[in-house]
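One structure is given here, and the rest of the page talks about it.
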There are 2 protein chains.
Amino acid sequence: MKVKTESPAGVALVAKAFQILDMFQIESPAWSQADLVRATGLNRSTVNRLVRFLASHGYLVQIGSSGQHTLGLAAIELGNRASAGFNLRKVCQPSMEALAAKINETVILSALDAANLAAVCVDQIEGRQEGLRVFESIGSRFPLHAGAAPKAILAFLPEDLQQEALDRDLKSYTDHTIVDRKAIEEALKLTRERGYAISSEETFEGTMGIAAPILGPNGTAVASLAVALPIPRAKPETCKIITDELVSIAAGVTRHINGGAA
Amino acid sequence: MKVKTESPAGVALVAKAFQILDMFQIESPAWSQADLVRATGLNRSTVNRLVRFLASHGYLVQIGSSGQHTLGLAAIELGNRASAGFNLRKVCQPSMEALAAKINETVILSALDAANLAAVCVDQIEGRQEGLRVFESIGSRFPLHAGAAPKAILAFLPEDLQQEALDRDLKSYTDHTIVDRKAIEEALKLTRERGYAISSEETFEGTMGIAAPILGPNGTAVASLAVALPIPRAKPETCKIITDELVSIAAGVTRHINGGAA
DNA sequence: AATAGCGTCTCATAATATGAACGCATATCA
DNA sequence: TGATATGCGTTCATATTATGAGACGCTATT
């Protein structure tokens, strides 16, 4: 799907708000309203409204009792959230490429979309196999009960979210998709015990998946790393190697994203 | 100066823009326009305009060729800039307090305001002296040629900025403020050689200052750490201790803010 | 072939932002 | 001390801007 990214009309004030935020640089961290007026050419009233809005939302804070402002906690938080998403891909990429090169199968990074209780494919590296290849496009999503990557996430979610996900009606993608509530809960229990999830043709005919969870600071899943391969190539020894690698890489990523970013 | 921080009227669209940014959390990092419409209750057209604006400015980026977006580089940069300012104060505070307790004189943290070529007092800890105390309020600013803290910054600025600062007419605060161009350039040269700046009554009668620069990633000054004290108490051995401490602390902060945040 | 979902575009209408002027406080200067 | 300047807050008639329902084109699904 094509999405236009040109700046549209009808957002004049928003543009000015970000123009003001952009004034706060490392070399010029503190601004009074009057300084902003001079530097931006905006009207005083406009600057006053925007600065107060930004301050009330924590994007700006006053320095002491002076009229000066600096960037605030909300800006830091926004950056942290942005880094988290970026980090996930950046942090995983080398391992994913190495793994894809080693086993020659498709490696998939999925993130939890908590609002929709779905797993979103955030990154993907194709194995360079001739003949059969598993392909899943970036941005594609599955409900949390169907497939290895979603199940690896679901199994390590807080109890209430798990129940909420299972209370929905469980869509079926193939004859092998698990839609029976008890069967899924059993599968999740097994996943937790083993530390990884397995799917056999739950989402696509003829393919299987293995996935390990990536956990956030509070110990619940935020993403999962998975390998998908055609069943004919899924020999036990291959699966063993893949499983060990995935579990090890995912644990490393978990450590990295929680330890690295304070 | 009192500055109101309540959210004012007349910023409706800006509020919606930030409402959208706030949807992007660690647990829900990816959103399509349609999802945002459902979750926020905003109109489709509004979401479309705002998402495109935010994407065109780098605050959002598309995931692959899907309609999904995540937070983008601009958000990370904003956060970094915010952290830098915060870090400066947070990072310096312990050292500043320790130093103030040890020497019992006022410690001042000044940041460069590059747009106005000024040094802004960003943090200040008063020495607990009876009798004479030097006080400089947070938010106060001086041009870069007058006083120890400003000079410590100016001396370690890029050549072109230094010239620009000196090309202005050099305001005098006391009889001791250096306003002669050659004299200042000499003082800056000395400051670079020694690694710290000294001011004797350049900004206030009866007080002297010692300041060491805090450098940014590119090796130019972004701030300075200073001690101000009444001249009667400025004995050579006291000044020696202060100078050593300041240089050491400032160097440590420089290392910290450049090494710590990648 | 038909349907549903998503992003885009348009345009008359309604709501919103604008900005000049004034008020008030503090700081600066004579 | 009074006079002047600067900074932030407030107001309100006006002009600009945002709104949103509907239509369009595209893709994926049935």
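Going through the structure tokens in order, the chains are called A, B, and so on, while each chain numbers its residues from 1 and the ligands are numbered from 1 in the order shown.
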> Could you write out, as an NGL selection string, all the residues of range 117-205 of chain A that DSSP marks as strand (DSSP E or B)?
Replying inline: :A and (118-125 or 141-143 or 197-200)
>> If we count only C-alpha atoms (C1' of nucleotides) and set the cut-off at 10 Å, which residues sit around range 10-26 of chain C, ignoring sequence neighbours fewer than 4 positions away in its own chain? Please answer as JSON, numbers by chain.
In response: {"A": [12, 13, 43, 44, 45, 46], "B": [1, 2, 9, 10, 11, 12, 13], "D": [6, 7, 8, 9, 10, 11, 14, 15, 16, 17, 18, 19, 20, 22, 23]}
Can you spit out the residues from that selection as a tab-separated table (two decimals), in the first residue's frame, using N, CA and C atoms (P, O5', C5', C4', C3', O3' and C1' of nucleotides)?
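Listed below is the output, again.tsv:
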```tsv
chain	number	residue	atom	x	y	z
A	12	ALA	N	-1.22	24.19	9.79
A	12	ALA	CA	-0.33	25.34	10.00
A	12	ALA	C	0.14	25.43	11.44
A	13	LEU	N	-0.77	25.32	12.37
A	13	LEU	CA	-0.38	25.53	13.76
A	13	LEU	C	0.50	24.39	14.26
A	43	ASN	N	4.05	35.19	15.72
A	43	ASN	CA	3.40	36.21	16.54
A	43	ASN	C	3.52	35.88	18.02
A	44	ARG	N	3.56	36.92	18.83
A	44	ARG	CA	3.72	36.72	20.26
A	44	ARG	C	2.61	35.87	20.86
A	45	SER	N	1.38	36.16	20.44
A	45	SER	CA	0.26	35.41	21.00
A	45	SER	C	0.39	33.93	20.65
A	46	THR	N	0.76	33.68	19.42
A	46	THR	CA	0.91	32.29	18.96
A	46	THR	C	1.97	31.59	19.78
B	1	MET	N	9.86	35.72	37.58
B	1	MET	CA	8.75	35.93	36.63
B	1	MET	C	7.83	34.71	36.60
B	2	LYS	N	6.57	35.00	36.77
B	2	LYS	CA	5.59	33.90	36.72
B	2	LYS	C	5.23	33.60	35.27
B	9	ALA	N	-6.54	27.83	25.23
B	9	ALA	CA	-7.44	27.50	24.12
B	9	ALA	C	-6.77	27.87	22.81
B	10	GLY	N	-7.31	27.37	21.71
B	10	GLY	CA	-6.80	27.77	20.40
B	10	GLY	C	-5.65	26.94	19.92
B	11	VAL	N	-5.52	25.75	20.41
B	11	VAL	CA	-4.44	24.88	19.95
B	11	VAL	C	-5.00	23.48	19.68
B	12	ALA	N	-6.25	23.44	19.24
B	12	ALA	CA	-6.95	22.16	19.12
B	12	ALA	C	-6.19	21.16	18.27
B	13	LEU	N	-5.72	21.61	17.12
B	13	LEU	CA	-5.08	20.66	16.21
B	13	LEU	C	-3.74	20.18	16.76
D	6	DT	P	13.39	47.73	24.81
D	6	DT	O5'	13.07	46.36	25.56
D	6	DT	C5'	13.87	45.97	26.68
D	6	DT	C4'	13.12	44.89	27.43
D	6	DT	C3'	12.40	43.89	26.52
D	6	DT	O3'	12.89	42.59	26.80
D	6	DT	C1'	10.99	44.62	28.28
D	7	DG	P	12.30	41.33	26.00
D	7	DG	O5'	11.30	40.73	27.08
D	7	DG	C5'	11.76	40.38	28.37
D	7	DG	C4'	10.63	39.72	29.12
D	7	DG	C3'	9.83	38.76	28.25
D	7	DG	O3'	9.59	37.53	28.91
D	7	DG	C1'	8.41	40.41	29.18
D	8	DC	P	8.85	36.36	28.12
D	8	DC	O5'	7.40	36.40	28.78
D	8	DC	C5'	7.24	36.04	30.15
D	8	DC	C4'	5.82	36.30	30.58
D	8	DC	C3'	4.76	35.46	29.86
D	8	DC	O3'	3.91	34.86	30.83
D	8	DC	C1'	4.19	37.75	29.76
D	9	DG	P	2.70	33.95	30.35
D	9	DG	O5'	1.49	34.98	30.46
D	9	DG	C5'	1.11	35.45	31.76
D	9	DG	C4'	-0.20	36.22	31.66
D	9	DG	C3'	-1.35	35.45	30.99
D	9	DG	O3'	-2.51	35.57	31.79
D	9	DG	C1'	-0.98	37.51	29.86
D	10	DT	P	-3.84	34.84	31.33
D	10	DT	O5'	-4.69	35.95	30.57
D	10	DT	C5'	-4.73	37.28	31.07
D	10	DT	C4'	-5.66	38.13	30.21
D	10	DT	C3'	-6.78	37.37	29.49
D	10	DT	O3'	-8.01	38.04	29.73
D	10	DT	C1'	-5.56	38.72	27.95
D	11	DT	P	-9.41	37.37	29.31
D	11	DT	O5'	-10.02	38.46	28.32
D	11	DT	C5'	-9.54	39.79	28.35
D	11	DT	C4'	-9.78	40.48	27.00
D	11	DT	C3'	-10.91	39.89	26.18
D	11	DT	O3'	-11.83	40.93	25.88
D	11	DT	C1'	-8.98	40.20	24.84
D	14	DT	P	-15.21	43.14	12.83
D	14	DT	O5'	-14.05	42.21	12.26
D	14	DT	C5'	-12.72	42.72	12.16
D	14	DT	C4'	-11.83	41.65	11.54
D	14	DT	C3'	-12.40	41.01	10.27
D	14	DT	O3'	-11.49	41.28	9.21
D	14	DT	C1'	-11.64	39.35	11.80
D	15	DA	P	-11.74	40.69	7.73
D	15	DA	O5'	-10.68	39.51	7.66
D	15	DA	C5'	-9.35	39.73	8.15
D	15	DA	C4'	-8.60	38.42	8.14
D	15	DA	C3'	-8.67	37.66	6.83
D	15	DA	O3'	-7.40	37.06	6.60
D	15	DA	C1'	-9.62	36.33	8.53
D	16	DT	P	-7.06	36.35	5.22
D	16	DT	O5'	-6.47	34.98	5.74
D	16	DT	C5'	-5.76	34.97	6.99
D	16	DT	C4'	-6.00	33.66	7.68
D	16	DT	C3'	-5.70	32.42	6.83
D	16	DT	O3'	-4.66	31.74	7.48
D	16	DT	C1'	-7.74	32.18	8.06
D	17	DT	P	-3.98	30.45	6.80
D	17	DT	O5'	-4.67	29.31	7.66
D	17	DT	C5'	-4.87	29.52	9.06
D	17	DT	C4'	-5.74	28.41	9.59
D	17	DT	C3'	-5.47	27.05	8.96
D	17	DT	O3'	-5.05	26.19	9.99
D	17	DT	C1'	-7.81	27.52	9.01
D	18	DA	P	-4.74	24.66	9.69
D	18	DA	O5'	-6.09	23.98	10.16
D	18	DA	C5'	-6.48	24.09	11.51
D	18	DA	C4'	-7.86	23.51	11.70
D	18	DA	C3'	-7.96	22.01	11.47
D	18	DA	O3'	-8.78	21.47	12.50
D	18	DA	C1'	-9.49	23.12	10.06
D	19	DT	P	-9.05	19.91	12.56
D	19	DT	O5'	-10.50	19.81	11.94
D	19	DT	C5'	-11.53	20.57	12.53
D	19	DT	C4'	-12.82	20.32	11.79
D	19	DT	C3'	-13.14	18.84	11.55
D	19	DT	O3'	-14.38	18.56	12.16
D	19	DT	C1'	-13.43	20.13	9.56
D	20	DG	P	-14.65	17.12	12.76
D	20	DG	O5'	-15.48	16.48	11.56
D	20	DG	C5'	-16.65	17.15	11.10
D	20	DG	C4'	-17.10	16.54	9.79
D	20	DG	C3'	-16.91	15.02	9.69
D	20	DG	O3'	-17.99	14.50	8.94
D	20	DG	C1'	-15.82	16.04	7.92
D	22	DG	P	-22.69	11.62	4.22
D	22	DG	O5'	-22.03	11.63	2.78
D	22	DG	C5'	-22.00	12.84	2.02
D	22	DG	C4'	-21.07	12.69	0.84
D	22	DG	C3'	-21.14	11.31	0.15
D	22	DG	O3'	-21.25	11.50	-1.25
D	22	DG	C1'	-18.90	11.85	0.64
D	23	DA	P	-21.52	10.23	-2.19
D	23	DA	O5'	-20.27	10.29	-3.18
D	23	DA	C5'	-19.87	11.54	-3.75
D	23	DA	C4'	-18.50	11.37	-4.39
D	23	DA	C3'	-18.33	10.09	-5.20
D	23	DA	O3'	-17.59	10.36	-6.38
D	23	DA	C1'	-16.70	10.17	-3.53
```
> Within 10 Å of Ser172 in chain B, counting only C-alpha atoms (C1' of nucleotides), which residues qualify if same-chain residues fewer than 3 places away don't, as a list in words?
Replying inline: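 Once the adjacent positions are removed, what remains is Pro143, His145, Ala146, Asp169, Asp175, His176, Thr177, Ile178, Val179, Glu202 and Thr203 of chain B.
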Saved selection, atoms kept: N, CA and C atoms, as a JSON list (two decimals), in the first residue's frame:
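Below is the file that was written, out.json:
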```json
[["chain", "number", "residue", "atom", "x", "y", "z"],
["B", 143, "PRO", "N", 26.61, 38.02, 28.16],
["B", 143, "PRO", "CA", 27.29, 37.83, 26.89],
["B", 143, "PRO", "C", 28.58, 37.07, 27.11],
["B", 145, "HIS", "N", 31.65, 37.43, 26.56],
["B", 145, "HIS", "CA", 32.96, 38.01, 26.85],
["B", 145, "HIS", "C", 33.12, 38.39, 28.32],
["B", 146, "ALA", "N", 32.00, 38.37, 29.07],
["B", 146, "ALA", "CA", 32.05, 38.93, 30.43],
["B", 146, "ALA", "C", 31.88, 37.87, 31.50],
["B", 169, "ASP", "N", 29.05, 44.76, 20.05],
["B", 169, "ASP", "CA", 29.70, 45.70, 20.95],
["B", 169, "ASP", "C", 29.64, 45.13, 22.35],
["B", 175, "ASP", "N", 34.00, 48.26, 36.09],
["B", 175, "ASP", "CA", 35.22, 48.86, 35.55],
["B", 175, "ASP", "C", 36.19, 47.80, 35.07],
["B", 176, "HIS", "N", 35.97, 46.55, 35.54],
["B", 176, "HIS", "CA", 36.93, 45.50, 35.21],
["B", 176, "HIS", "C", 36.51, 44.64, 34.02],
["B", 177, "THR", "N", 35.31, 44.86, 33.51],
["B", 177, "THR", "CA", 34.89, 44.08, 32.35],
["B", 177, "THR", "C", 35.84, 44.36, 31.18],
["B", 178, "ILE", "N", 36.30, 43.30, 30.56],
["B", 178, "ILE", "CA", 37.23, 43.47, 29.44],
["B", 178, "ILE", "C", 36.45, 43.79, 28.18],
["B", 179, "VAL", "N", 36.64, 44.98, 27.64],
["B", 179, "VAL", "CA", 35.91, 45.34, 26.43],
["B", 179, "VAL", "C", 36.87, 45.59, 25.26],
["B", 202, "GLU", "N", 34.56, 41.03, 36.73],
["B", 202, "GLU", "CA", 34.13, 41.38, 35.37],
["B", 202, "GLU", "C", 32.62, 41.57, 35.29],
["B", 203, "THR", "N", 31.90, 40.87, 36.15],
["B", 203, "THR", "CA", 30.44, 40.99, 36.10],
["B", 203, "THR", "C", 29.87, 41.67, 37.34]]
```
Check which residues of chain A sit at most 6 Å from chain B using only C-alpha atoms, and return one row each with the closest pair of atoms and their distance in Å to one decimal, ordered by chain and rising number, as a tab-separated table.
```
residue	atom	partner	partner_atom	distance
A:Met1	CA	B:Ser66	CA	5.4
A:Thr5	CA	B:Arg52	CA	5.1
A:Glu6	CA	B:Ser56	CA	5.6
A:Ser7	CA	B:Phe53	CA	4.7
A:Pro8	CA	B:Arg49	CA	6.0
A:Val14	CA	B:Val14	CA	5.0
A:Ile26	CA	B:Arg81	CA	5.6
A:Glu27	CA	B:Ala114	CA	5.4
A:Ser28	CA	B:Asp113	CA	4.2
A:Arg49	CA	B:Pro8	CA	5.9
A:Arg52	CA	B:Thr5	CA	5.1
A:Phe53	CA	B:Ser7	CA	4.7
A:Ala55	CA	B:Thr5	CA	5.9
A:Ser56	CA	B:Thr5	CA	5.2
A:Ser65	CA	B:Met1	CA	5.9
A:Ser66	CA	B:Met1	CA	5.3
A:Leu71	CA	B:Ala82	CA	4.9
A:Ala75	CA	B:Gly79	CA	5.1
A:Ile76	CA	B:Gly79	CA	4.2
A:Gly79	CA	B:Gly79	CA	4.0
A:Arg81	CA	B:Ile26	CA	5.7
A:Ala82	CA	B:Leu71	CA	4.9
A:Ser83	CA	B:Ile76	CA	6.0
A:Asp113	CA	B:Ser28	CA	4.4
A:Ala114	CA	B:Ser28	CA	5.1
A:Ile138	CA	B:Gly64	CA	5.9
A:Gly139	CA	B:Ser66	CA	5.4
```
>> For range 241-249 of chain A, find every residue with an atom within 9 Å (counting only C-alpha atoms (C1' of nucleotides)), except residues of its own chain fewer than 6 positions away, and show them as a PyMOL selection string.
In response: chain A and resi 92+95-96+99+103+195-196+210-213+225-227
Export, as a PDB file, in the first residue's frame, the selected residues with C-alpha atoms.
```pdb
ATOM      1  CA  CYS A  92      18.049  -7.713  16.043  1.00  0.00           C
ATOM      2  CA  SER A  95      21.643 -11.637  14.613  1.00  0.00           C
ATOM      3  CA  MET A  96      18.799 -12.104  12.178  1.00  0.00           C
ATOM      4  CA  LEU A  99      20.892 -16.696  11.487  1.00  0.00           C
ATOM      5  CA  ILE A 103      20.194 -21.869   8.296  1.00  0.00           C
ATOM      6  CA  GLY A 195      10.702 -21.083  26.411  1.00  0.00           C
ATOM      7  CA  TYR A 196       9.746 -21.168  22.740  1.00  0.00           C
ATOM      8  CA  ILE A 210       9.517 -21.728  15.685  1.00  0.00           C
ATOM      9  CA  ALA A 211       9.580 -18.565  17.804  1.00  0.00           C
ATOM     10  CA  ALA A 212      11.176 -17.257  20.990  1.00  0.00           C
ATOM     11  CA  PRO A 213       9.897 -14.278  22.991  1.00  0.00           C
ATOM     12  CA  LEU A 225      11.856 -13.689  16.880  1.00  0.00           C
ATOM     13  CA  ALA A 226      10.797 -16.523  14.607  1.00  0.00           C
ATOM     14  CA  VAL A 227      11.976 -18.782  11.829  1.00  0.00           C
TER      15      VAL A 227
END
```
